[in-house]
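Note: the block below is target12.txt and it holds compact mmCIF, C-alpha atoms.
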# COMPACT_ATOMS: atom_id res chain seq x y z
CA MET A 1 125.51 235.30 105.81
CA LEU A 2 128.54 235.43 108.03
CA ASN A 3 128.75 232.27 110.10
CA ARG A 4 131.16 232.37 113.01
CA ASN A 5 131.27 231.90 116.75
CA THR A 6 130.53 234.82 119.04
CA SER A 7 133.49 237.21 119.10
CA SER A 8 135.24 238.49 122.20
CA PRO A 9 134.62 242.17 123.12
CA ALA A 10 138.00 243.21 121.65
CA GLN A 11 137.41 241.26 118.44
CA LEU A 12 133.92 242.68 118.14
CA SER A 13 135.26 246.23 118.50
CA ASN A 14 137.80 245.64 115.74
CA GLU A 15 135.19 244.06 113.51
CA ARG A 16 132.83 246.96 114.12
CA SER A 17 135.51 249.47 113.11
CA ALA A 18 136.43 247.48 110.02
CA LEU A 19 132.79 247.17 109.02
CA GLU A 20 132.19 250.90 109.45
CA ARG A 21 135.07 251.57 107.06
CA ARG A 22 133.73 249.02 104.62
CA TYR A 23 130.27 250.56 104.78
CA GLY A 24 131.70 253.98 103.97
CA ASN A 25 133.77 252.63 101.08
CA VAL A 26 130.88 250.71 99.54
CA ARG A 27 128.50 253.64 99.76
CA ALA A 28 131.08 256.00 98.27
CA ALA A 29 131.73 253.57 95.41
CA SER A 30 128.03 253.62 94.45
CA ALA A 31 128.12 257.42 94.30
CA VAL A 32 131.18 257.30 92.02
CA LEU A 33 129.43 254.85 89.67
CA ALA A 34 126.38 257.12 89.46
CA ALA A 35 128.38 260.33 88.93
CA PRO A 36 128.45 260.18 85.08
CA LEU A 37 124.65 259.88 84.87
CA SER A 38 122.06 262.58 84.31
CA ASP A 39 118.68 262.50 86.02
CA ALA A 40 117.20 261.16 82.77
CA ASP A 41 119.89 258.46 82.48
CA ALA A 42 119.16 257.37 86.04
CA THR A 43 115.38 257.29 85.62
CA VAL A 44 114.68 255.29 82.46
CA GLN A 45 114.11 251.53 82.55
CA SER A 46 115.00 249.73 79.32
CA MET A 47 113.31 246.38 80.01
CA PRO A 48 111.47 244.60 82.85
CA ASP A 49 114.59 242.69 83.98
CA ALA A 50 116.59 245.91 84.39
CA SER A 51 116.10 248.71 86.91
CA PRO A 52 116.84 252.43 86.72
CA ALA A 53 120.13 253.52 88.27
CA LYS A 54 118.15 255.84 90.55
CA TRP A 55 116.18 252.86 91.82
CA HIS A 56 119.38 250.91 92.59
CA LEU A 57 120.73 253.87 94.58
CA ALA A 58 117.49 254.22 96.53
CA HIS A 59 116.83 250.51 97.06
CA THR A 60 120.22 249.88 98.63
CA SER A 61 119.55 252.77 101.02
CA TRP A 62 116.09 251.38 101.73
CA PHE A 63 117.72 248.07 102.69
CA PHE A 64 119.78 249.72 105.42
CA GLU A 65 116.81 251.80 106.54
CA ALA A 66 114.30 248.93 106.65
CA MET A 67 116.55 246.10 107.80
CA VAL A 68 118.99 247.92 110.09
CA LEU A 69 117.94 251.41 111.18
CA ALA A 70 114.19 251.06 111.72
CA PRO A 71 114.40 247.96 113.95
CA ASN A 72 117.68 248.76 115.72
CA SER A 73 118.10 252.54 116.03
CA SER A 74 116.13 254.06 118.91
CA GLY A 75 113.87 256.88 117.79
CA TYR A 76 114.73 256.52 114.11
CA ARG A 77 112.32 258.26 111.74
CA VAL A 78 112.18 257.12 108.14
CA PHE A 79 113.17 259.62 105.47
CA ASP A 80 109.86 259.30 103.61
CA ASP A 81 107.01 256.92 104.48
CA ARG A 82 106.27 256.40 100.78
CA PHE A 83 109.70 255.02 100.00
CA ASN A 84 108.92 251.60 101.48
CA PHE A 85 106.47 251.06 98.62
CA LEU A 86 108.73 252.60 95.97
CA PHE A 87 112.00 250.88 96.81
CA ASN A 88 111.16 247.50 98.34
CA SER A 89 112.35 244.93 95.80
CA TYR A 90 110.77 241.55 96.49
CA TYR A 91 110.32 241.27 100.26
CA GLU A 92 106.72 240.12 100.54
CA SER A 93 106.88 240.17 104.34
CA VAL A 94 107.88 243.86 104.38
CA GLY A 95 104.91 245.10 102.39
CA ALA A 96 103.50 246.02 98.98
CA ARG A 97 105.80 247.59 96.37
CA GLN A 98 106.03 249.21 92.97
CA PRO A 99 105.85 246.44 90.33
CA ARG A 100 109.29 245.69 88.96
CA PRO A 101 108.43 246.34 85.28
CA LEU A 102 107.11 249.80 86.24
CA ARG A 103 110.14 251.14 88.13
CA GLY A 104 110.99 253.34 85.16
CA LEU A 105 107.79 255.34 85.70
CA LEU A 106 109.17 256.80 88.93
CA THR A 107 110.15 260.20 87.55
CA ARG A 108 109.85 261.40 91.13
CA PRO A 109 111.66 261.39 93.48
CA THR A 110 114.41 263.00 91.44
CA LEU A 111 118.01 261.83 91.42
CA THR A 112 118.80 264.75 93.71
CA ASP A 113 116.13 263.56 96.13
CA VAL A 114 117.53 260.03 96.06
CA LEU A 115 121.03 261.29 96.79
CA ALA A 116 119.60 263.23 99.75
CA TYR A 117 117.97 260.00 100.93
CA ARG A 118 121.35 258.28 100.76
CA GLU A 119 122.94 261.07 102.82
CA HIS A 120 120.17 260.76 105.42
CA VAL A 121 120.69 257.02 105.76
CA ASP A 122 124.48 257.36 105.88
CA SER A 123 124.24 259.96 108.64
CA ARG A 124 121.98 257.76 110.77
CA MET A 125 124.16 254.73 110.13
CA GLY A 126 127.10 256.72 111.43
CA GLU A 127 125.16 257.41 114.62
CA LEU A 128 124.27 253.73 114.92
CA PHE A 129 127.92 252.67 114.67
CA LYS A 130 128.71 255.03 117.58
CA GLN A 131 126.13 253.14 119.67
CA GLU A 132 128.22 249.96 119.25
CA PRO A 133 125.51 247.70 117.82
CA PRO A 134 125.67 243.99 118.72
CA GLU A 135 127.08 241.31 116.47
CA SER A 136 123.62 240.32 115.22
CA VAL A 137 123.16 243.81 113.77
CA LEU A 138 126.69 243.90 112.38
CA LYS A 139 125.93 240.76 110.40
CA ILE A 140 122.96 242.45 108.73
CA ILE A 141 125.06 245.53 107.95
CA GLU A 142 127.73 243.30 106.42
CA LEU A 143 125.07 241.60 104.31
CA GLY A 144 123.82 245.03 103.26
CA CYS A 145 127.30 246.03 102.07
CA HIS A 146 127.57 242.94 99.86
CA HIS A 147 123.99 243.47 98.73
CA GLU A 148 124.92 246.99 97.59
CA GLN A 149 127.91 245.63 95.68
CA GLN A 150 125.53 243.33 93.82
CA HIS A 151 123.53 246.40 92.85
CA GLN A 152 126.67 248.26 91.78
CA GLU A 153 127.20 245.55 89.18
CA LEU A 154 123.53 245.62 88.20
CA LEU A 155 123.64 249.40 87.87
CA LEU A 156 126.38 249.08 85.25
CA THR A 157 124.82 246.19 83.32
CA ASP A 158 121.44 247.95 83.33
CA ILE A 159 122.97 251.24 82.13
CA LEU A 160 124.74 249.39 79.33
CA HIS A 161 121.43 247.87 78.22
CA LEU A 162 119.75 251.27 78.40
CA PHE A 163 122.44 253.04 76.37
CA ALA A 164 122.40 250.24 73.80
CA GLN A 165 118.78 251.14 73.00
CA ASN A 166 119.80 254.71 72.10
CA PRO A 167 120.67 255.21 68.40
CA LEU A 168 123.40 257.65 69.50
CA ARG A 169 125.15 254.79 71.35
CA PRO A 170 126.20 257.02 74.26
CA ALA A 171 129.20 256.01 76.34
CA TYR A 172 129.00 255.63 80.09
CA LYS A 173 132.71 256.46 80.25
CA GLU A 174 135.18 257.95 77.80
CA SER A 175 134.58 256.29 74.44
CA VAL A 176 138.18 256.30 73.19
CA PRO A 177 138.75 252.68 72.10
CA LEU A 178 140.78 250.68 74.58
CA PRO A 179 144.02 249.17 73.33
CA VAL A 180 143.55 245.79 71.69
CA LYS A 181 146.54 243.46 71.71
CA SER A 182 146.62 240.70 69.14
CA THR A 183 147.41 237.36 70.73
CA GLU A 184 148.21 233.94 69.37
CA ARG A 185 144.88 232.30 68.60
CA ALA A 186 145.72 228.86 69.86
CA MET A 187 143.18 226.30 70.92
CA PRO A 188 142.63 226.15 74.68
CA ASN A 189 144.52 223.62 76.72
CA TYR A 190 142.57 221.33 79.03
CA GLN A 191 143.62 220.77 82.62
CA SER A 192 142.72 217.40 84.14
CA PHE A 193 141.07 216.87 87.52
CA ALA A 194 140.56 213.61 89.31
CA GLY A 195 137.14 212.44 90.27
CA GLY A 196 136.06 211.34 93.71
CA LEU A 197 134.41 212.73 96.78
CA VAL A 198 135.14 216.46 97.02
CA ASP A 199 134.05 219.22 99.39
CA ILE A 200 132.46 222.40 98.08
CA GLY A 201 130.61 225.32 99.64
CA HIS A 202 131.61 228.00 102.09
CA SER A 203 133.54 226.86 105.15
CA GLY A 204 132.09 229.50 107.48
CA SER A 205 135.18 231.71 107.78
CA GLY A 206 134.46 235.24 106.59
CA PHE A 207 131.40 236.51 104.76
CA ALA A 208 129.27 234.42 102.41
CA PHE A 209 125.66 234.53 101.30
CA ASP A 210 123.47 231.86 102.83
CA SER A 211 123.16 230.01 99.50
CA GLU A 212 126.93 229.35 99.45
CA GLY A 213 126.69 226.83 102.29
CA PRO A 214 126.77 224.61 104.12
CA ARG A 215 130.01 223.04 102.98
CA HIS A 216 129.30 219.48 101.91
CA SER A 217 130.65 216.53 99.95
CA VAL A 218 129.88 215.88 96.29
CA GLN A 219 130.85 212.91 94.15
CA ILE A 220 132.26 213.92 90.76
CA GLU A 221 133.75 211.98 87.85
CA PRO A 222 137.19 212.76 86.36
CA TYR A 223 136.99 215.77 84.04
CA ARG A 224 139.01 218.32 82.10
CA LEU A 225 138.52 222.07 82.13
CA ALA A 226 139.60 224.54 79.44
CA ASP A 227 142.38 226.82 80.63
CA ARG A 228 140.68 229.94 79.24
CA LEU A 229 137.29 231.34 78.33
CA VAL A 230 135.62 230.98 74.91
CA THR A 231 136.52 233.98 72.73
CA ASN A 232 134.59 236.28 70.41
CA GLY A 233 136.59 234.89 67.49
CA GLU A 234 135.45 231.36 68.29
CA TRP A 235 131.89 232.61 68.61
CA ALA A 236 132.12 234.27 65.19
CA GLU A 237 133.00 230.85 63.76
CA PHE A 238 129.93 229.39 65.48
CA ILE A 239 127.80 232.06 63.79
CA SER A 240 129.45 231.50 60.40
CA ASP A 241 128.81 227.76 60.65
CA GLY A 242 125.11 228.34 61.15
CA GLY A 243 125.06 227.77 64.88
CA TYR A 244 121.96 229.91 65.36
CA ARG A 245 120.18 228.07 62.53
CA ASN A 246 120.81 224.46 63.56
CA PRO A 247 118.10 223.09 65.88
CA LEU A 248 120.19 219.98 66.63
CA LEU A 249 122.53 222.08 68.78
CA TRP A 250 119.88 223.58 71.01
CA LEU A 251 117.85 222.64 74.04
CA SER A 252 114.15 222.73 73.21
CA ASP A 253 113.42 225.89 75.22
CA GLY A 254 116.53 227.50 73.78
CA TRP A 255 115.54 226.81 70.20
CA THR A 256 112.09 228.23 70.92
CA LYS A 257 113.75 231.39 72.26
CA VAL A 258 116.04 231.67 69.22
CA ARG A 259 113.06 231.64 66.89
CA GLU A 260 110.83 233.89 68.99
CA ALA A 261 113.50 236.52 69.69
CA GLY A 262 115.38 236.24 66.39
CA TRP A 263 118.74 235.62 68.07
CA ALA A 264 121.60 235.47 65.54
CA ALA A 265 124.56 236.69 67.64
CA PRO A 266 125.35 237.68 71.23
CA LEU A 267 123.44 240.62 72.65
CA TYR A 268 124.77 244.00 71.44
CA TRP A 269 126.56 242.57 68.37
CA GLU A 270 125.83 244.22 65.03
CA ALA A 271 127.42 243.80 61.60
CA ARG A 272 129.14 246.86 60.12
CA GLU A 273 130.88 246.66 56.76
CA GLY A 274 131.99 243.09 57.12
CA GLU A 275 132.95 243.09 60.80
CA PHE A 276 131.13 242.82 64.09
CA TRP A 277 130.76 245.75 66.46
CA THR A 278 129.37 245.65 69.98
CA MET A 279 128.02 248.09 72.51
CA THR A 280 130.23 248.57 75.57
CA LEU A 281 130.23 250.86 78.59
CA ARG A 282 132.73 252.92 76.61
CA GLY A 283 130.44 253.20 73.60
CA ALA A 284 130.16 251.16 70.40
CA GLN A 285 133.46 249.47 69.49
CA PRO A 286 134.68 246.73 67.15
CA VAL A 287 134.41 243.27 68.66
CA ASP A 288 137.77 242.19 70.07
CA LEU A 289 138.08 238.70 68.60
CA ASP A 290 140.63 237.65 71.23
CA ALA A 291 138.53 238.73 74.22
CA PRO A 292 136.01 236.43 75.92
CA VAL A 293 132.55 236.38 74.43
CA ALA A 294 130.00 238.10 76.68
CA HIS A 295 126.25 238.66 76.86
CA VAL A 296 125.26 235.14 75.89
CA SER A 297 122.52 233.15 77.58
CA TYR A 298 122.74 229.71 79.12
CA PHE A 299 120.92 228.40 76.05
CA GLU A 300 123.58 229.88 73.75
CA ALA A 301 126.44 228.68 75.92
CA ASP A 302 125.05 225.14 75.93
CA ALA A 303 124.52 225.20 72.15
CA PHE A 304 128.10 226.37 71.55
CA ALA A 305 129.45 223.62 73.82
CA THR A 306 127.44 221.05 71.85
CA TRP A 307 128.79 222.49 68.59
CA VAL A 308 132.40 221.87 69.67
CA ALA A 309 131.56 218.45 71.17
CA ARG A 310 132.22 219.67 74.70
CA ARG A 311 129.95 220.65 77.60
CA LEU A 312 129.61 223.24 80.32
CA PRO A 313 131.18 222.41 83.70
CA THR A 314 129.09 221.73 86.74
CA GLU A 315 129.41 224.25 89.54
CA ALA A 316 131.17 221.62 91.67
CA GLU A 317 133.74 221.06 88.93
CA TRP A 318 134.31 224.79 88.58
CA GLU A 319 134.69 225.33 92.33
CA VAL A 320 137.11 222.44 92.78
CA ALA A 321 139.28 223.93 90.04
CA ALA A 322 139.10 227.46 91.48
CA GLN A 323 139.23 226.98 95.23
CA SER A 324 143.04 227.09 95.50
CA LEU A 325 143.52 230.00 93.06
CA PRO A 326 143.99 233.65 94.03
CA VAL A 327 140.94 235.85 93.43
CA THR A 328 142.55 238.12 90.86
CA GLY A 329 141.58 239.13 87.36
CA ASN A 330 139.87 241.74 85.22
CA LEU A 331 137.32 242.93 87.78
CA LEU A 332 135.67 246.33 88.31
CA ASN A 333 138.68 248.04 89.88
CA SER A 334 140.66 247.58 86.65
CA ASP A 335 138.26 250.16 85.13
CA ARG A 336 138.48 248.38 81.78
CA LEU A 337 134.71 247.77 81.87
CA ARG A 338 134.83 245.06 79.23
CA PRO A 339 136.34 241.58 78.98
CA LYS A 340 140.05 241.29 78.29
CA PRO A 341 141.98 238.73 76.20
CA ALA A 342 143.52 235.91 78.21
CA PRO A 343 147.14 236.30 79.29
CA ALA A 344 149.73 233.99 77.73
CA ALA A 345 149.30 230.32 78.56
CA THR A 346 151.29 229.09 81.55
CA GLY A 347 149.95 225.58 81.98
CA GLU A 348 147.57 226.84 84.68
CA LEU A 349 143.94 227.93 84.51
CA ARG A 350 143.43 231.50 83.32
CA GLN A 351 140.55 233.99 83.69
CA MET A 352 138.86 232.08 86.50
CA PHE A 353 137.90 235.37 88.14
CA GLY A 354 136.71 238.46 86.31
CA ASP A 355 136.03 239.17 82.61
CA VAL A 356 132.68 237.30 82.40
CA TRP A 357 130.48 235.25 84.68
CA GLU A 358 130.79 231.63 83.58
CA TRP A 359 127.66 229.62 82.98
CA THR A 360 127.61 226.18 84.58
CA ARG A 361 125.21 223.37 83.79
CA SER A 362 124.03 223.35 87.43
CA ALA A 363 120.61 224.54 88.48
CA PHE A 364 120.50 227.00 91.38
CA MET A 365 119.24 224.65 94.08
CA PRO A 366 119.76 224.48 97.85
CA TYR A 367 122.79 222.63 99.13
CA PRO A 368 122.17 219.73 101.56
CA ARG A 369 121.08 221.04 104.98
CA PHE A 370 120.57 224.55 103.62
CA ARG A 371 118.42 226.75 105.83
CA PRO A 372 117.44 230.28 104.81
CA MET A 373 117.95 233.15 107.22
CA SER A 374 115.14 233.94 109.62
CA GLY A 375 112.61 236.70 109.07
CA ALA A 376 112.47 238.93 106.00
CA LEU A 377 116.11 238.20 105.16
CA GLY A 378 115.10 234.62 104.49
CA GLU A 379 113.65 235.92 101.22
CA TYR A 380 117.10 237.00 100.01
CA ASN A 381 118.13 233.86 98.08
CA GLY A 382 116.08 230.81 98.98
CA LYS A 383 112.89 231.90 97.22
CA PHE A 384 114.73 232.06 93.88
CA MET A 385 115.89 228.44 93.86
CA SER A 386 113.70 227.52 90.90
CA GLY A 387 114.27 227.92 87.17
CA GLN A 388 117.73 229.49 87.47
CA PHE A 389 121.24 228.37 86.51
CA VAL A 390 124.46 229.02 88.42
CA LEU A 391 127.26 231.24 87.13
CA ARG A 392 130.70 231.47 88.71
CA GLY A 393 133.77 233.69 88.83
CA GLY A 394 132.67 237.32 88.56
CA SER A 395 132.96 239.75 85.64
CA CYS A 396 134.65 242.93 84.51
CA VAL A 397 132.05 244.93 86.49
CA THR A 398 132.15 242.88 89.71
CA PRO A 399 133.78 244.70 92.65
CA ASP A 400 137.13 243.10 93.42
CA ASP A 401 136.37 242.23 97.06
CA HIS A 402 132.91 240.88 96.30
CA VAL A 403 133.70 237.53 94.66
CA ARG A 404 135.20 234.25 95.88
CA ALA A 405 135.42 230.65 94.73
CA THR A 406 132.19 229.66 96.51
CA TYR A 407 130.09 232.59 95.17
CA ARG A 408 126.96 231.36 93.38
CA ASN A 409 125.46 233.89 91.00
CA PHE A 410 122.27 232.85 89.25
CA PHE A 411 120.09 233.93 86.35
CA ALA A 412 117.31 232.52 84.21
CA PRO A 413 118.63 230.53 81.21
CA HIS A 414 117.48 233.13 78.67
CA ALA A 415 119.22 236.10 80.38
CA ARG A 416 121.79 237.87 78.19
CA TRP A 417 122.28 241.41 79.49
CA GLN A 418 124.77 240.43 82.15
CA PHE A 419 128.47 239.96 81.36
CA SER A 420 127.96 236.21 80.99
CA GLY A 421 130.18 233.85 78.99
CA LEU A 422 131.52 230.33 79.21
CA ARG A 423 134.42 227.96 79.75
CA LEU A 424 134.31 224.49 78.22
CA ALA A 425 134.64 221.16 80.00
CA GLU A 426 134.79 217.54 78.96
CA ASP A 427 134.72 214.12 80.57
CA ALA A 428 138.14 212.59 81.20

What do you get writing this file as structure tokens?
Amino acid sequence: MLNRNTSSPAQLSNERSALERRYGNVRAASAVLAAPLSDADATVQSMPDASPAKWHLAHTSWFFEAMVLAPNSSGYRVFDDRFNFLFNSYYESVGARQPRPLRGLLTRPTLTDVLAYREHVDSRMGELFKQEPPESVLKIIELGCHHEQQHQELLLTDILHLFAQNPLRPAYKESVPLPVKSTERAMPNYQSFAGGLVDIGHSGSGFAFDSEGPRHSVQIEPYRLADRLVTNGEWAEFISDGGYRNPLLWLSDGWTKVREAGWAAPLYWEAREGEFWTMTLRGAQPVDLDAPVAHVSYFEADAFATWVARRLPTEAEWEVAAQSLPVTGNLLNSDRLRPKPAPAATGELRQMFGDVWEWTRSAFMPYPRFRPMSGALGEYNGKFMSGQFVLRGGSCVTPDDHVRATYRNFFAPHARWQFSGLRLAEDA
């Protein structure tokens, strides 16, 4: 969370006003994302790892109710006593909950009821802001805003997975194909970085999740990083060369997954009359060979890197390369909703933010001197530091003001439904 010294009264007033505006903007953005969905769209759960859109909308409201309003707003009455069971995600210390794989069985409350719940919470939050809550409460509200932005991204990736199961291939947004610009298909350039003792992690200025710090020193060896992401066209060559049939390219668990699940291409790819098509948030469209490959697992990313005699970067290598770059790119506010071909080469790194989350070879583990937050909020990140790999950089459905160079996303190595891709690295 936010880590700063106690603010002066004037600073605290300004921060409170800014946070109230941010809260309103974040909550409104969730409503906009849900607007194209019917009650049925928002209710169905397509797999255990995904959640219904209705659940995302309710859970983020539950967070503000359970973590902010109930303990800090005098006389607050919860909207519905049953919602703590329905919409708690994984907070063991807060109570029992609906099992994650069964969230799609919650046909009630309706989407209309959930939107009324959101209005109730927003109204009470407005009253709380007028009471000038202390900095300790503001920090939790700020965390809640970033938490909701995480669920905005999940809402979109989960809807894409749901719609991909429908033979009609419905589009979340207008399905007119987006313009595809042919670009020169040159090999990526590699930018060199010196080794040595480097500092990574959040410095404590501004918001960060607890897992992004503390800032600390890491020893790295000299390395080179590709100046762009791996493309769909390059992935098609991997497929053509038998990449999914060659066990020598794969980690043992990855090869087991390939055989068990029958993987032969990235998630959502299908062959149609000699070309690949893919499901997007704008409906089924031909695969853009110049755009970054998406919806590949860590296992696939590692196998591809082995195929081209390269490797995935470590998260320290990625952060060192990104920490001086502006946080700009093809993020959610572009409304493209799918990865975009890299701009023309300039000698600098491209696509470091947006398009696809970039797999690293680093396990999601605590940094030195990491301490989780106290109380229930300590369950936010620390309990998941096992069996996950770190991804960096954000994607085409990540809110623009939600990502930074120190941001550590994480997923299990077999996960594919996120907008996840890769950038290659090599030893210098």

Any idea what's packed within 7 Å of Lys340 in chain A, counting all atoms listed in the file, ignoring anything in its chain fewer than 4 positions away? Could you give it as a PyMOL selection string? chain A and resi 291-292+330+355

Excluding Ala309 in chain A and residues on its chain fewer than 4 positions from it, collect all residues at most 10 Å away from it, counting all atoms listed in the file, and give them as a PyMOL selection string. chain A and resi 303-305+424-426

Fewer than 3 positions away in the same chain doesn't count, so skip those; otherwise give me all residues within 7 Å of range 388-390 of chain A, counting only C-alpha atoms, as a ChimeraX atom specification. /A:315,359-364,385,408-413

Identify which of the residues A:Leu160, A:Cys145, A:Trp62, A:Pro101 lies closest to His120 in chain A, counting all atoms listed in the file when measuring atom-to-atom distances. A:Trp62

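Remark: residues at most 10 Å from position (120.9, 242.0, 69.4) in file coordinates are Ala164, Ala261, Gly262, Trp263, Ala264, Ala265, Pro266, Leu267, Tyr268, Trp269, Glu270, Thr278, Met279, His295 and Arg416 of chain A, using only C-alpha atoms.
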
I need the residues from that last selection saved to file as a PDB file, keeping the file's coordinate frame (with C-alpha atoms), if you can.
ATOM      1  CA  ALA A 164     122.400 250.240  73.800  1.00  0.00           C
ATOM      2  CA  ALA A 261     113.500 236.520  69.690  1.00  0.00           C
ATOM      3  CA  GLY A 262     115.380 236.240  66.390  1.00  0.00           C
ATOM      4  CA  TRP A 263     118.740 235.620  68.070  1.00  0.00           C
ATOM      5  CA  ALA A 264     121.600 235.470  65.540  1.00  0.00           C
ATOM      6  CA  ALA A 265     124.560 236.690  67.640  1.00  0.00           C
ATOM      7  CA  PRO A 266     125.350 237.680  71.230  1.00  0.00           C
ATOM      8  CA  LEU A 267     123.440 240.620  72.650  1.00  0.00           C
ATOM      9  CA  TYR A 268     124.770 244.000  71.440  1.00  0.00           C
ATOM     10  CA  TRP A 269     126.560 242.570  68.370  1.00  0.00           C
ATOM     11  CA  GLU A 270     125.830 244.220  65.030  1.00  0.00           C
ATOM     12  CA  THR A 278     129.370 245.650  69.980  1.00  0.00           C
ATOM     13  CA  MET A 279     128.020 248.090  72.510  1.00  0.00           C
ATOM     14  CA  HIS A 295     126.250 238.660  76.860  1.00  0.00           C
ATOM     15  CA  ARG A 416     121.790 237.870  78.190  1.00  0.00           C
TER      16      ARG A 416
END

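For Pro167 in chain A, the list of residues within 12 Å, based on all atoms listed in the file and with local chain neighbours fewer than 3 positions off taken out, reads Leu162, Phe163, Ala164, Pro170, Ala171, Met279, Gly283 and Ala284 of chain A.
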